[in-house]
$ cat input_16.pdb   # PDB, C-alpha atoms
ATOM      1  CA  MET A  35       0.000   0.000   0.000
ATOM      2  CA  THR A  36       1.052   3.628  -0.289
ATOM      3  CA  ALA A  37       0.747   6.631   1.950
ATOM      4  CA  THR A  38      -2.162   7.903  -0.150
ATOM      5  CA  ASP A  39      -4.267   4.813   0.496
ATOM      6  CA  SER A  40      -6.329   6.380   3.281
ATOM      7  CA  SER A  41      -9.663   4.633   2.669
ATOM      8  CA  LEU A  42     -11.176   2.288   5.220
ATOM      9  CA  THR A  43     -11.000  -0.488   2.639
ATOM     10  CA  ALA A  44      -7.252   0.023   2.200
ATOM     11  CA  GLU A  45      -6.712   0.005   5.960
ATOM     12  CA  GLU A  46      -8.830  -3.107   6.455
ATOM     13  CA  LEU A  47      -7.415  -5.184   3.636
ATOM     14  CA  ALA A  48      -3.892  -4.546   4.941
ATOM     15  CA  THR A  49      -4.754  -6.366   8.187
ATOM     16  CA  GLN A  50      -5.593  -9.647   6.487
ATOM     17  CA  PRO A  51      -2.402 -11.538   7.419
ATOM     18  CA  SER A  52      -2.916 -10.876  11.138
ATOM     19  CA  CYS A  53      -6.623 -11.722  10.893
ATOM     20  CA  TRP A  54      -5.841 -15.042   9.196
ATOM     21  CA  ARG A  55      -3.420 -15.949  11.968
ATOM     22  CA  ARG A  56      -6.081 -15.194  14.606
ATOM     23  CA  ALA A  57      -8.564 -17.318  12.676
ATOM     24  CA  ALA A  58      -6.080 -20.196  12.541
ATOM     25  CA  ALA A  59      -5.694 -20.006  16.316
ATOM     26  CA  LEU A  60      -9.484 -20.029  16.740
ATOM     27  CA  ALA A  61      -9.765 -23.074  14.464
ATOM     28  CA  GLY A  62      -7.793 -25.119  16.999
ATOM     29  CA  THR A  63     -10.160 -24.425  19.914
ATOM     30  CA  GLU A  64     -12.821 -26.679  21.389
ATOM     31  CA  GLU A  65     -15.408 -24.070  20.428
ATOM     32  CA  ALA A  66     -14.517 -24.390  16.762
ATOM     33  CA  ALA A  67     -14.277 -28.172  16.928
ATOM     34  CA  ALA A  68     -17.851 -28.320  18.221
ATOM     35  CA  ALA A  69     -19.224 -25.887  15.633
ATOM     36  CA  LEU A  70     -17.445 -26.953  12.444
ATOM     37  CA  PRO A  71     -18.066 -30.088  10.379
ATOM     38  CA  ARG A  72     -16.789 -33.446  11.481
ATOM     39  CA  ARG A  73     -15.142 -35.797   9.029
ATOM     40  CA  GLY A  74     -17.754 -37.722   7.073
ATOM     41  CA  GLU A  75     -20.606 -35.255   7.605
ATOM     42  CA  ARG A  76     -22.557 -34.216   4.531
ATOM     43  CA  VAL A  77     -22.350 -30.436   4.568
ATOM     44  CA  ALA A  78     -23.839 -27.458   2.761
ATOM     45  CA  VAL A  79     -22.307 -23.997   3.006
ATOM     46  CA  VAL A  80     -24.387 -20.923   2.166
ATOM     47  CA  GLY A  81     -23.930 -17.194   1.844
ATOM     48  CA  CYS A  82     -24.788 -14.216  -0.309
ATOM     49  CA  GLY A  83     -22.446 -12.404  -2.673
ATOM     50  CA  THR A  84     -18.865 -12.555  -1.416
ATOM     51  CA  SER A  85     -19.825 -15.025   1.320
ATOM     52  CA  TRP A  86     -21.241 -17.392  -1.297
ATOM     53  CA  PHE A  87     -17.952 -17.356  -3.189
ATOM     54  CA  MET A  88     -16.037 -18.150   0.018
ATOM     55  CA  ALA A  89     -18.510 -20.987   0.556
ATOM     56  CA  GLN A  90     -17.668 -22.351  -2.888
ATOM     57  CA  ALA A  91     -13.943 -22.243  -2.172
ATOM     58  CA  TYR A  92     -14.345 -24.045   1.151
ATOM     59  CA  ALA A  93     -16.704 -26.674  -0.280
ATOM     60  CA  ALA A  94     -14.158 -27.597  -2.938
ATOM     61  CA  LEU A  95     -11.324 -27.668  -0.378
ATOM     62  CA  ARG A  96     -13.229 -29.848   2.096
ATOM     63  CA  GLU A  97     -14.454 -32.363  -0.429
ATOM     64  CA  SER A  98     -11.110 -32.677  -2.202
ATOM     65  CA  ALA A  99      -9.499 -33.231   1.208
ATOM     66  CA  GLY A 100     -11.686 -36.303   1.698
ATOM     67  CA  HIS A 101     -13.762 -34.919   4.558
ATOM     68  CA  GLY A 102     -17.094 -35.652   2.910
ATOM     69  CA  GLU A 103     -19.594 -34.358   0.388
ATOM     70  CA  THR A 104     -19.770 -30.582   0.553
ATOM     71  CA  ASP A 105     -22.022 -28.299  -1.472
ATOM     72  CA  ALA A 106     -22.219 -24.509  -1.687
ATOM     73  CA  PHE A 107     -25.307 -22.458  -2.469
ATOM     74  CA  ALA A 108     -26.500 -18.901  -2.579
ATOM     75  CA  ALA A 109     -28.774 -18.740   0.462
ATOM     76  CA  SER A 110     -31.761 -17.887  -1.727
ATOM     77  CA  GLU A 111     -31.202 -21.016  -3.834
ATOM     78  CA  PHE A 112     -30.835 -23.615  -1.081
ATOM     79  CA  PRO A 113     -32.382 -26.991  -2.084
ATOM     80  CA  TYR A 114     -34.588 -27.798   0.883
ATOM     81  CA  GLY A 115     -35.373 -31.235  -0.494
ATOM     82  CA  ARG A 116     -31.794 -32.426   0.064
ATOM     83  CA  SER A 117     -30.535 -33.990   3.265
ATOM     84  CA  TYR A 118     -27.478 -32.613   5.094
ATOM     85  CA  ASP A 119     -25.842 -33.283   8.439
ATOM     86  CA  ARG A 120     -24.825 -29.665   8.901
ATOM     87  CA  VAL A 121     -25.381 -26.327   7.194
ATOM     88  CA  ILE A 122     -22.852 -23.517   7.595
ATOM     89  CA  ALA A 123     -23.980 -19.955   6.932
ATOM     90  CA  ILE A 124     -21.426 -17.208   6.326
ATOM     91  CA  THR A 125     -22.782 -13.723   7.034
ATOM     92  CA  ARG A 126     -20.628 -10.748   7.965
ATOM     93  CA  SER A 127     -23.519  -8.588   9.152
ATOM     94  CA  GLY A 128     -25.640 -11.305  10.757
ATOM     95  CA  THR A 129     -28.712  -9.562   9.352
ATOM     96  CA  THR A 130     -28.950 -10.739   5.725
ATOM     97  CA  THR A 131     -32.574 -11.588   4.987
ATOM     98  CA  GLU A 132     -32.016 -14.717   2.889
ATOM     99  CA  VAL A 133     -29.620 -16.235   5.428
ATOM    100  CA  LEU A 134     -31.909 -15.606   8.393
ATOM    101  CA  GLU A 135     -34.903 -17.035   6.532
ATOM    102  CA  LEU A 136     -32.925 -20.162   5.639
ATOM    103  CA  LEU A 137     -31.765 -20.700   9.221
ATOM    104  CA  GLY A 138     -35.327 -20.261  10.417
ATOM    105  CA  ARG A 139     -36.632 -22.897   8.010
ATOM    106  CA  LEU A 140     -33.889 -25.353   8.993
ATOM    107  CA  HIS A 141     -34.250 -24.873  12.743
ATOM    108  CA  GLY A 142     -34.757 -28.177  14.519
ATOM    109  CA  SER A 143     -34.218 -30.312  11.415
ATOM    110  CA  VAL A 144     -30.472 -30.018  10.773
ATOM    111  CA  ALA A 145     -27.496 -28.710  12.734
ATOM    112  CA  THR A 146     -26.593 -25.154  11.734
ATOM    113  CA  THR A 147     -23.483 -23.070  12.284
ATOM    114  CA  SER A 148     -22.912 -19.454  11.367
ATOM    115  CA  LEU A 149     -19.734 -17.458  10.903
ATOM    116  CA  THR A 150     -20.357 -13.769  11.555
ATOM    117  CA  ALA A 151     -18.552 -10.567  12.448
ATOM    118  CA  ASP A 152     -21.229  -8.988  14.644
ATOM    119  CA  PRO A 153     -22.333 -10.679  17.883
ATOM    120  CA  ALA A 154     -25.194  -8.204  18.379
ATOM    121  CA  THR A 155     -27.329  -9.427  15.479
ATOM    122  CA  PRO A 156     -30.202 -11.910  14.955
ATOM    123  CA  VAL A 157     -27.941 -14.653  13.609
ATOM    124  CA  MET A 158     -26.682 -15.289  17.134
ATOM    125  CA  THR A 159     -29.973 -16.992  17.990
ATOM    126  CA  ALA A 160     -30.970 -18.077  14.486
ATOM    127  CA  ALA A 161     -28.122 -20.606  14.201
ATOM    128  CA  ASP A 162     -27.486 -23.472  16.599
ATOM    129  CA  GLN A 163     -23.835 -22.496  16.965
ATOM    130  CA  VAL A 164     -21.985 -19.314  16.040
ATOM    131  CA  LEU A 165     -18.319 -18.496  15.614
ATOM    132  CA  VAL A 166     -17.748 -14.743  15.916
ATOM    133  CA  LEU A 167     -14.923 -13.189  13.910
ATOM    134  CA  ASP A 168     -15.413  -9.700  15.301
ATOM    135  CA  PHE A 169     -11.697  -8.989  14.952
ATOM    136  CA  ALA A 170     -12.227  -9.164  11.171
ATOM    137  CA  ASP A 171     -15.312  -6.945  11.018
ATOM    138  CA  GLU A 172     -15.258  -3.973   8.669
ATOM    139  CA  ARG A 173     -16.638  -0.467   8.490
ATOM    140  CA  SER A 174     -16.414  -0.376   4.699
ATOM    141  CA  VAL A 175     -19.297  -1.738   2.641
ATOM    142  CA  VAL A 176     -17.009  -3.813   0.429
ATOM    143  CA  GLN A 177     -15.837  -7.027   2.082
ATOM    144  CA  THR A 178     -12.160  -7.898   2.128
ATOM    145  CA  ARG A 179     -10.791  -9.141   5.430
ATOM    146  CA  PHE A 180     -13.954 -10.727   6.859
ATOM    147  CA  ALA A 181     -14.475 -12.906   3.808
ATOM    148  CA  THR A 182     -10.894 -14.111   3.565
ATOM    149  CA  THR A 183     -10.686 -14.587   7.339
ATOM    150  CA  ALA A 184     -13.793 -16.772   7.304
ATOM    151  CA  LEU A 185     -12.188 -18.915   4.617
ATOM    152  CA  ALA A 186      -8.900 -18.954   6.543
ATOM    153  CA  LEU A 187     -10.760 -20.262   9.610
ATOM    154  CA  LEU A 188     -12.420 -23.051   7.633
ATOM    155  CA  ARG A 189      -9.157 -23.878   5.869
ATOM    156  CA  ALA A 190      -7.279 -23.958   9.178
ATOM    157  CA  HIS A 191      -9.870 -26.359  10.567
ATOM    158  CA  LEU A 192      -9.074 -28.770   7.736
ATOM    159  CA  GLU A 193      -5.398 -28.238   8.505
ATOM    160  CA  ALA A 194      -5.983 -29.085  12.172
ATOM    161  CA  GLU A 195      -7.601 -32.314  11.038
ATOM    162  CA  GLN A 196      -4.463 -33.018   8.979
ATOM    163  CA  ALA A 197      -6.534 -33.165   5.831
ATOM    164  CA  LEU A 198      -5.537 -30.315   3.565
ATOM    165  CA  PRO A 199      -5.621 -31.337  -0.104
ATOM    166  CA  PRO A 200      -2.224 -31.965  -1.733
ATOM    167  CA  GLY A 201      -0.447 -28.760  -2.702
ATOM    168  CA  VAL A 202      -2.534 -26.490  -0.446
ATOM    169  CA  ALA A 203      -0.388 -24.475   1.947
ATOM    170  CA  THR A 204      -0.972 -23.882   5.633
ATOM    171  CA  VAL A 205      -2.751 -20.733   6.725
ATOM    172  CA  GLU A 206       0.506 -19.468   8.222
ATOM    173  CA  GLN A 207       2.194 -19.825   4.830
ATOM    174  CA  ALA A 208      -0.744 -18.054   3.191
ATOM    175  CA  ALA A 209      -0.475 -15.207   5.721
ATOM    176  CA  ALA A 210       3.235 -14.831   5.011
ATOM    177  CA  ASP A 211       2.447 -14.718   1.293
ATOM    178  CA  ALA A 212      -0.234 -12.086   1.955
ATOM    179  CA  GLU A 213       2.405  -9.910   3.596
ATOM    180  CA  ARG A 214       4.383 -10.162   0.362
ATOM    181  CA  ALA A 215       1.263  -9.358  -1.657
ATOM    182  CA  LEU A 216       0.804  -6.184   0.365
ATOM    183  CA  ALA A 217       4.416  -5.070   0.019
ATOM    184  CA  GLU A 218       5.324  -5.930  -3.568
ATOM    185  CA  PRO A 219       4.338  -3.888  -6.656
ATOM    186  CA  LEU A 220       1.137  -4.797  -8.461
ATOM    187  CA  PRO A 221       1.587  -6.949 -11.581
ATOM    188  CA  GLU A 222       3.365  -5.055 -14.331
ATOM    189  CA  GLY A 223       0.988  -3.557 -16.878
ATOM    190  CA  ILE A 224      -2.205  -4.321 -14.944
ATOM    191  CA  LEU A 225      -3.072  -0.651 -14.379
ATOM    192  CA  GLU A 226      -3.159  -0.056 -18.132
ATOM    193  CA  VAL A 227      -5.780  -2.678 -19.079
ATOM    194  CA  ASP A 228      -9.485  -1.965 -19.482
ATOM    195  CA  GLN A 229     -10.797  -5.462 -18.765
ATOM    196  CA  ILE A 230      -9.723  -8.504 -16.691
ATOM    197  CA  THR A 231     -10.925 -12.096 -16.825
ATOM    198  CA  PHE A 232     -10.195 -13.944 -13.582
ATOM    199  CA  LEU A 233      -9.614 -17.688 -13.765
ATOM    200  CA  GLY A 234      -9.582 -20.441 -11.160
ATOM    201  CA  ALA A 235      -9.544 -24.207 -10.818
ATOM    202  CA  GLY A 236     -10.899 -26.372  -8.004
ATOM    203  CA  TRP A 237     -11.103 -24.356  -4.801
ATOM    204  CA  THR A 238      -9.767 -21.230  -6.505
ATOM    205  CA  ASN A 239     -12.846 -20.981  -8.732
ATOM    206  CA  GLY A 240     -14.584 -19.309  -5.801
ATOM    207  CA  LEU A 241     -11.647 -16.931  -5.426
ATOM    208  CA  ALA A 242     -11.818 -16.011  -9.120
ATOM    209  CA  LEU A 243     -15.520 -15.215  -8.815
ATOM    210  CA  GLU A 244     -14.811 -13.082  -5.757
ATOM    211  CA  ALA A 245     -11.953 -11.263  -7.515
ATOM    212  CA  GLY A 246     -14.286 -10.337 -10.344
ATOM    213  CA  LEU A 247     -17.010  -9.184  -7.962
ATOM    214  CA  LYS A 248     -14.605  -7.076  -5.915
ATOM    215  CA  MET A 249     -13.394  -5.186  -8.972
ATOM    216  CA  ARG A 250     -16.961  -4.539 -10.140
ATOM    217  CA  GLU A 251     -18.156  -3.423  -6.699
ATOM    218  CA  ALA A 252     -15.249  -1.239  -5.682
ATOM    219  CA  ALA A 253     -14.008   0.150  -8.992
ATOM    220  CA  VAL A 254     -16.956  -0.344 -11.391
ATOM    221  CA  PHE A 255     -14.446  -2.177 -13.570
ATOM    222  CA  TRP A 256     -15.331  -4.671 -16.313
ATOM    223  CA  THR A 257     -14.426  -8.171 -15.167
ATOM    224  CA  GLU A 258     -15.493 -11.721 -15.854
ATOM    225  CA  ALA A 259     -14.609 -14.984 -14.109
ATOM    226  CA  TYR A 260     -14.491 -18.597 -15.300
ATOM    227  CA  PRO A 261     -12.974 -21.980 -14.521
ATOM    228  CA  ALA A 262      -9.622 -21.982 -16.285
ATOM    229  CA  MET A 263     -10.346 -24.898 -18.590
ATOM    230  CA  GLU A 264     -13.784 -23.514 -19.505
ATOM    231  CA  TYR A 265     -12.202 -20.196 -20.459
ATOM    232  CA  ARG A 266     -10.974 -21.830 -23.667
ATOM    233  CA  HIS A 267     -14.556 -22.718 -24.609
ATOM    234  CA  GLY A 268     -15.628 -19.248 -25.689
ATOM    235  CA  PRO A 269     -14.740 -16.664 -23.026
ATOM    236  CA  ILE A 270     -11.164 -16.390 -24.284
ATOM    237  CA  ALA A 271     -12.633 -14.397 -27.182
ATOM    238  CA  ILE A 272     -12.930 -11.368 -24.890
ATOM    239  CA  THR A 273      -9.186 -11.263 -24.225
ATOM    240  CA  ALA A 274      -7.218  -8.993 -26.577
ATOM    241  CA  PRO A 275      -4.526  -6.324 -26.494
ATOM    242  CA  GLY A 276      -5.287  -3.943 -23.631
ATOM    243  CA  ARG A 277      -7.086  -6.660 -21.658
ATOM    244  CA  ALA A 278      -5.854  -9.283 -19.208
ATOM    245  CA  ALA A 279      -6.401 -12.800 -17.922
ATOM    246  CA  TRP A 280      -5.470 -13.351 -14.266
ATOM    247  CA  MET A 281      -5.117 -16.916 -12.986
ATOM    248  CA  LEU A 282      -5.531 -17.524  -9.249
ATOM    249  CA  GLY A 283      -3.601 -20.710  -8.604
ATOM    250  CA  ALA A 284      -1.517 -22.901 -10.872
ATOM    251  CA  LEU A 285      -1.912 -22.167 -14.589
ATOM    252  CA  PRO A 286      -3.098 -25.190 -16.629
ATOM    253  CA  GLU A 287      -0.647 -26.477 -19.201
ATOM    254  CA  GLY A 288      -0.896 -24.742 -22.566
ATOM    255  CA  LEU A 289      -3.090 -21.863 -21.388
ATOM    256  CA  ALA A 290      -0.244 -19.346 -21.345
ATOM    257  CA  GLY A 291       0.318 -19.909 -25.059
ATOM    258  CA  ASP A 292      -3.381 -19.553 -25.803
ATOM    259  CA  ILE A 293      -3.505 -16.207 -23.976
ATOM    260  CA  ALA A 294      -0.297 -15.002 -25.640
ATOM    261  CA  ARG A 295      -1.909 -15.537 -29.034
ATOM    262  CA  THR A 296      -4.752 -13.191 -28.088
ATOM    263  CA  GLY A 297      -2.306 -10.366 -27.423
ATOM    264  CA  GLY A 298      -3.697  -9.945 -23.920
ATOM    265  CA  LEU A 299      -1.735  -9.611 -20.699
ATOM    266  CA  LEU A 300      -1.353 -12.746 -18.577
ATOM    267  CA  VAL A 301      -1.017 -12.485 -14.825
ATOM    268  CA  ALA A 302       0.399 -15.959 -14.399
ATOM    269  CA  GLY A 303      -0.996 -18.304 -11.838
ATOM    270  CA  SER A 304       1.219 -19.804  -9.201
ATOM    271  CA  ASP A 305       1.129 -22.243  -6.339
ATOM    272  CA  ARG A 306       3.039 -22.538  -3.079
ATOM    273  CA  ALA A 307       5.114 -25.456  -4.370
ATOM    274  CA  ALA A 308       6.461 -23.205  -7.105
ATOM    275  CA  GLU A 309       7.307 -20.540  -4.503
ATOM    276  CA  GLY A 310       4.610 -18.269  -5.865
ATOM    277  CA  LEU A 311       1.839 -16.591  -3.903
ATOM    278  CA  ASP A 312      -0.816 -18.677  -2.233
ATOM    279  CA  PRO A 313      -4.071 -18.092  -4.182
ATOM    280  CA  LEU A 314      -5.741 -16.490  -1.146
ATOM    281  CA  ALA A 315      -2.790 -14.103  -0.894
ATOM    282  CA  ASP A 316      -3.085 -13.407  -4.613
ATOM    283  CA  LEU A 317      -6.658 -12.262  -3.935
ATOM    284  CA  VAL A 318      -5.141  -9.595  -1.670
ATOM    285  CA  ARG A 319      -3.393  -8.180  -4.745
ATOM    286  CA  VAL A 320      -6.794  -7.920  -6.420
ATOM    287  CA  HIS A 321      -8.114  -6.038  -3.392
ATOM    288  CA  ARG A 322      -5.219  -3.593  -3.695
ATOM    289  CA  LEU A 323      -5.843  -3.154  -7.410
ATOM    290  CA  ALA A 324      -9.527  -2.407  -6.790
ATOM    291  CA  VAL A 325      -8.608   0.342  -4.313
ATOM    292  CA  VAL A 326      -6.105   1.908  -6.707
ATOM    293  CA  LEU A 327      -8.503   1.877  -9.657
ATOM    294  CA  ALA A 328     -11.378   3.243  -7.587
ATOM    295  CA  GLY A 329      -9.181   6.124  -6.517
ATOM    296  CA  ALA A 330      -8.075   6.805 -10.071
ATOM    297  CA  ARG A 331     -11.730   6.967 -11.137
ATOM    298  CA  GLY A 332     -12.725   9.315  -8.325
ATOM    299  CA  LEU A 333     -14.949   6.707  -6.673
ATOM    300  CA  ASP A 334     -15.674   6.229  -2.974
ATOM    301  CA  VAL A 335     -14.281   2.716  -2.524
ATOM    302  CA  ASP A 336     -15.764   2.454   0.985
ATOM    303  CA  ASN A 337     -19.316   3.185  -0.188
ATOM    304  CA  PRO A 338     -19.886   1.858  -3.728
ATOM    305  CA  ARG A 339     -22.963   2.956  -5.584
ATOM    306  CA  SER A 340     -26.164   0.959  -5.074
ATOM    307  CA  LEU A 341     -24.622  -1.177  -2.328
ATOM    308  CA  THR A 342     -25.176  -1.460   1.437
ATOM    309  CA  ARG A 343     -23.378  -3.427   4.135
ATOM    310  CA  SER A 344     -26.293  -5.838   4.468
ATOM    311  CA  VAL A 345     -29.174  -6.657   2.132
ATOM    312  CA  GLN A 346     -32.383  -6.684   4.160
ATOM    313  CA  LEU A 347     -35.528  -7.294   2.150
TER     314      LEU A 347
END
$ encode --input "input_16.pdb" --output "structure tokens"
Amino acid sequence: MTATDSSLTAEELATQPSCWRRAAALAGTEEAAAALPRRGERVAVVGCGTSWFMAQAYAALRESAGHGETDAFAASEFPYGRSYDRVIAITRSGTTTEVLELLGRLHGSVATTSLTADPATPVMTAADQVLVLDFADERSVVQTRFATTALALLRAHLEAEQALPPGVATVEQAAADAERALAEPLPEGILEVDQITFLGAGWTNGLALEAGLKMREAAVFWTEAYPAMEYRHGPIAITAPGRAAWMLGALPEGLAGDIARTGGLLVAGSDRAAEGLDPLADLVRVHRLAVVLAGARGLDVDNPRSLTRSVQL
């Protein structure tokens, strides 16, 4: 960050490494062990907007780690006809209408857990168990640190169970990478493009969707997001000189050449094994970019147009 980054969003996103470390410590407590899924449970994770994308990332991580079937849904699209052992709801505000309605409908029929930032909200009694991440709460409308801290908590819980998928780093390693992401320059040439397509694979698909949303919310910037292998099946047509493709995670073989032929800029994916940035830390670079572009466009990054901290219908 720079000395001119005086927005709340800039201040909050810079605290992500410390928040992730606190979440990792919480994940090892008896409180978390009682509230989070046990191995073998069939689990659904729900949220709205950013929280939904974090739910997608966690669902892919948990299932690929062999913990059990794990689905992710927008709270408004939950399939009530399906059977689950536990439903996890991610809600920063604790007041989102769709989440509270879902928890009300599930009460007494399935175990529910909520992750929230505000202990003085209705979700505290709507869910059977609640883990409060008040140290990651935000004053800005746009979510950065709460969302990534919620995912760090869930990821650290898998780590505590010694069941991270192959190639996925520890939360401590991710936090160290996030410190690098905050200190190092943004990718060369990225400030000159007028469009970015974010790509992911496996658990980083949710991160790619969140990267695209963050840029649209905070900077009103044209972004799209796709699974990396699906990008070849049509969406690659949008990439051209003056536009970019940004891979969160390891870049699939051959994709770099495909992007080079479009003339677009590639922000190459990486993984911890290759000594690159952890994908969650790479998302921090996207947060930084959104702040910079919002400032360049004269936008209030803390209070984007048409958005509120919580959607209450």
$ closest_residue --input "input_16.pdb" --among "A:Ala315, A:Arg331, A:Thr238, A:Ala68" --to "Glu213 in chain A" --atoms "all atoms listed in the file"
A:Ala315
$ resolve_selection --input "input_16.pdb" --expression "the PyMOL selection byres ((chain A and resi 261-268) around 7)" --output "compact mmCIF listing (two decimals) with C-alpha atoms, in the frame of the given file"
# COMPACT_ATOMS: atom_id res chain seq x y z
CA LEU A 233 -9.61 -17.69 -13.76
CA GLY A 234 -9.58 -20.44 -11.16
CA ALA A 235 -9.54 -24.21 -10.82
CA ASN A 239 -12.85 -20.98 -8.73
CA TYR A 260 -14.49 -18.60 -15.30
CA PRO A 269 -14.74 -16.66 -23.03
CA ILE A 270 -11.16 -16.39 -24.28
CA ALA A 271 -12.63 -14.40 -27.18
$ closest_atom_pairs --input "input_16.pdb" --of "range 78-154 of chain A" --to "range 161-181 of chain A" --cutoff "6 Å" --atoms "all atoms listed in the file" --output "tab-separated table"
residue	atom	partner	partner_atom	distance
A:Thr146	CA	A:Asp162	CA	5.2
A:Thr147	CA	A:Gln163	CA	4.7
A:Ser148	CA	A:Val164	CA	4.8
A:Leu149	CA	A:Leu165	CA	5.0
A:Thr150	CA	A:Val166	CA	5.2
A:Ala151	CA	A:Asp168	CA	4.3
A:Asp152	CA	A:Asp168	CA	5.9
$ closest_atom_pairs --input "input_16.pdb" --of "range 235-315 of chain A" --to "range 219-222 of chain A" --cutoff "10 Å" --atoms "only C-alpha atoms" --output "JSON lines"
{"residue": "A:Trp280", "atom": "CA", "partner": "A:Pro221", "partner_atom": "CA", "distance": 9.9}
{"residue": "A:Leu299", "atom": "CA", "partner": "A:Glu222", "partner_atom": "CA", "distance": 9.3}
{"residue": "A:Leu300", "atom": "CA", "partner": "A:Pro221", "partner_atom": "CA", "distance": 9.5}
{"residue": "A:Val301", "atom": "CA", "partner": "A:Pro221", "partner_atom": "CA", "distance": 6.9}
{"residue": "A:Ala302", "atom": "CA", "partner": "A:Pro221", "partner_atom": "CA", "distance": 9.5}
$ residues_around --input "input_16.pdb" --residues "range 76-88 of chain A" --least-positions-apart "4" --cutoff "9 Å" --atoms "all atoms listed in the file" --output "PDB file with C-alpha atoms, in the coordinates of the input"
ATOM      1  CA  PRO A  71     -18.066 -30.088  10.379  1.00  0.00           C
ATOM      2  CA  TYR A  92     -14.345 -24.045   1.151  1.00  0.00           C
ATOM      3  CA  ALA A  93     -16.704 -26.674  -0.280  1.00  0.00           C
ATOM      4  CA  HIS A 101     -13.762 -34.919   4.558  1.00  0.00           C
ATOM      5  CA  GLY A 102     -17.094 -35.652   2.910  1.00  0.00           C
ATOM      6  CA  GLU A 103     -19.594 -34.358   0.388  1.00  0.00           C
ATOM      7  CA  THR A 104     -19.770 -30.582   0.553  1.00  0.00           C
ATOM      8  CA  ASP A 105     -22.022 -28.299  -1.472  1.00  0.00           C
ATOM      9  CA  ALA A 106     -22.219 -24.509  -1.687  1.00  0.00           C
ATOM     10  CA  PHE A 107     -25.307 -22.458  -2.469  1.00  0.00           C
ATOM     11  CA  ALA A 108     -26.500 -18.901  -2.579  1.00  0.00           C
ATOM     12  CA  ALA A 109     -28.774 -18.740   0.462  1.00  0.00           C
ATOM     13  CA  SER A 110     -31.761 -17.887  -1.727  1.00  0.00           C
ATOM     14  CA  PHE A 112     -30.835 -23.615  -1.081  1.00  0.00           C
ATOM     15  CA  SER A 117     -30.535 -33.990   3.265  1.00  0.00           C
ATOM     16  CA  TYR A 118     -27.478 -32.613   5.094  1.00  0.00           C
ATOM     17  CA  ASP A 119     -25.842 -33.283   8.439  1.00  0.00           C
ATOM     18  CA  ARG A 120     -24.825 -29.665   8.901  1.00  0.00           C
ATOM     19  CA  VAL A 121     -25.381 -26.327   7.194  1.00  0.00           C
ATOM     20  CA  ILE A 122     -22.852 -23.517   7.595  1.00  0.00           C
ATOM     21  CA  ALA A 123     -23.980 -19.955   6.932  1.00  0.00           C
ATOM     22  CA  ILE A 124     -21.426 -17.208   6.326  1.00  0.00           C
ATOM     23  CA  THR A 125     -22.782 -13.723   7.034  1.00  0.00           C
ATOM     24  CA  ARG A 126     -20.628 -10.748   7.965  1.00  0.00           C
ATOM     25  CA  THR A 130     -28.950 -10.739   5.725  1.00  0.00           C
ATOM     26  CA  GLU A 132     -32.016 -14.717   2.889  1.00  0.00           C
ATOM     27  CA  VAL A 133     -29.620 -16.235   5.428  1.00  0.00           C
ATOM     28  CA  GLN A 177     -15.837  -7.027   2.082  1.00  0.00           C
ATOM     29  CA  THR A 178     -12.160  -7.898   2.128  1.00  0.00           C
ATOM     30  CA  ALA A 181     -14.475 -12.906   3.808  1.00  0.00           C
ATOM     31  CA  THR A 182     -10.894 -14.111   3.565  1.00  0.00           C
ATOM     32  CA  ALA A 184     -13.793 -16.772   7.304  1.00  0.00           C
ATOM     33  CA  LEU A 185     -12.188 -18.915   4.617  1.00  0.00           C
ATOM     34  CA  ASN A 239     -12.846 -20.981  -8.732  1.00  0.00           C
ATOM     35  CA  GLY A 240     -14.584 -19.309  -5.801  1.00  0.00           C
ATOM     36  CA  LEU A 241     -11.647 -16.931  -5.426  1.00  0.00           C
ATOM     37  CA  ALA A 242     -11.818 -16.011  -9.120  1.00  0.00           C
ATOM     38  CA  LEU A 243     -15.520 -15.215  -8.815  1.00  0.00           C
ATOM     39  CA  GLU A 244     -14.811 -13.082  -5.757  1.00  0.00           C
ATOM     40  CA  LEU A 247     -17.010  -9.184  -7.962  1.00  0.00           C
ATOM     41  CA  LYS A 248     -14.605  -7.076  -5.915  1.00  0.00           C
TER      42      LYS A 248
END
$ build_atoms --input "input_16.pdb" --residues "range 107-113 of chain A" --atoms "N, CA and C atoms" --output "PDB file, in the coordinates of the input"
ATOM      1  N   PHE A 107     -24.142 -23.071  -1.825  1.00  0.00           N
ATOM      2  CA  PHE A 107     -25.307 -22.458  -2.469  1.00  0.00           C
ATOM      3  C   PHE A 107     -25.442 -20.996  -2.072  1.00  0.00           C
ATOM      4  N   ALA A 108     -25.966 -20.197  -2.984  1.00  0.00           N
ATOM      5  CA  ALA A 108     -26.500 -18.901  -2.579  1.00  0.00           C
ATOM      6  C   ALA A 108     -27.657 -19.193  -1.629  1.00  0.00           C
ATOM      7  N   ALA A 109     -27.762 -18.439  -0.548  1.00  0.00           N
ATOM      8  CA  ALA A 109     -28.774 -18.740   0.462  1.00  0.00           C
ATOM      9  C   ALA A 109     -30.178 -18.781  -0.131  1.00  0.00           C
ATOM     10  N   SER A 110     -30.434 -17.936  -1.114  1.00  0.00           N
ATOM     11  CA  SER A 110     -31.761 -17.887  -1.727  1.00  0.00           C
ATOM     12  C   SER A 110     -32.056 -19.094  -2.603  1.00  0.00           C
ATOM     13  N   GLU A 111     -31.030 -19.878  -2.934  1.00  0.00           N
ATOM     14  CA  GLU A 111     -31.202 -21.016  -3.834  1.00  0.00           C
ATOM     15  C   GLU A 111     -30.986 -22.356  -3.132  1.00  0.00           C
ATOM     16  N   PHE A 112     -31.078 -22.374  -1.821  1.00  0.00           N
ATOM     17  CA  PHE A 112     -30.835 -23.615  -1.081  1.00  0.00           C
ATOM     18  C   PHE A 112     -31.871 -24.681  -1.431  1.00  0.00           C
ATOM     19  N   PRO A 113     -31.443 -25.915  -1.725  1.00  0.00           N
ATOM     20  CA  PRO A 113     -32.382 -26.991  -2.084  1.00  0.00           C
ATOM     21  C   PRO A 113     -32.914 -27.693  -0.841  1.00  0.00           C
TER      22      PRO A 113
END
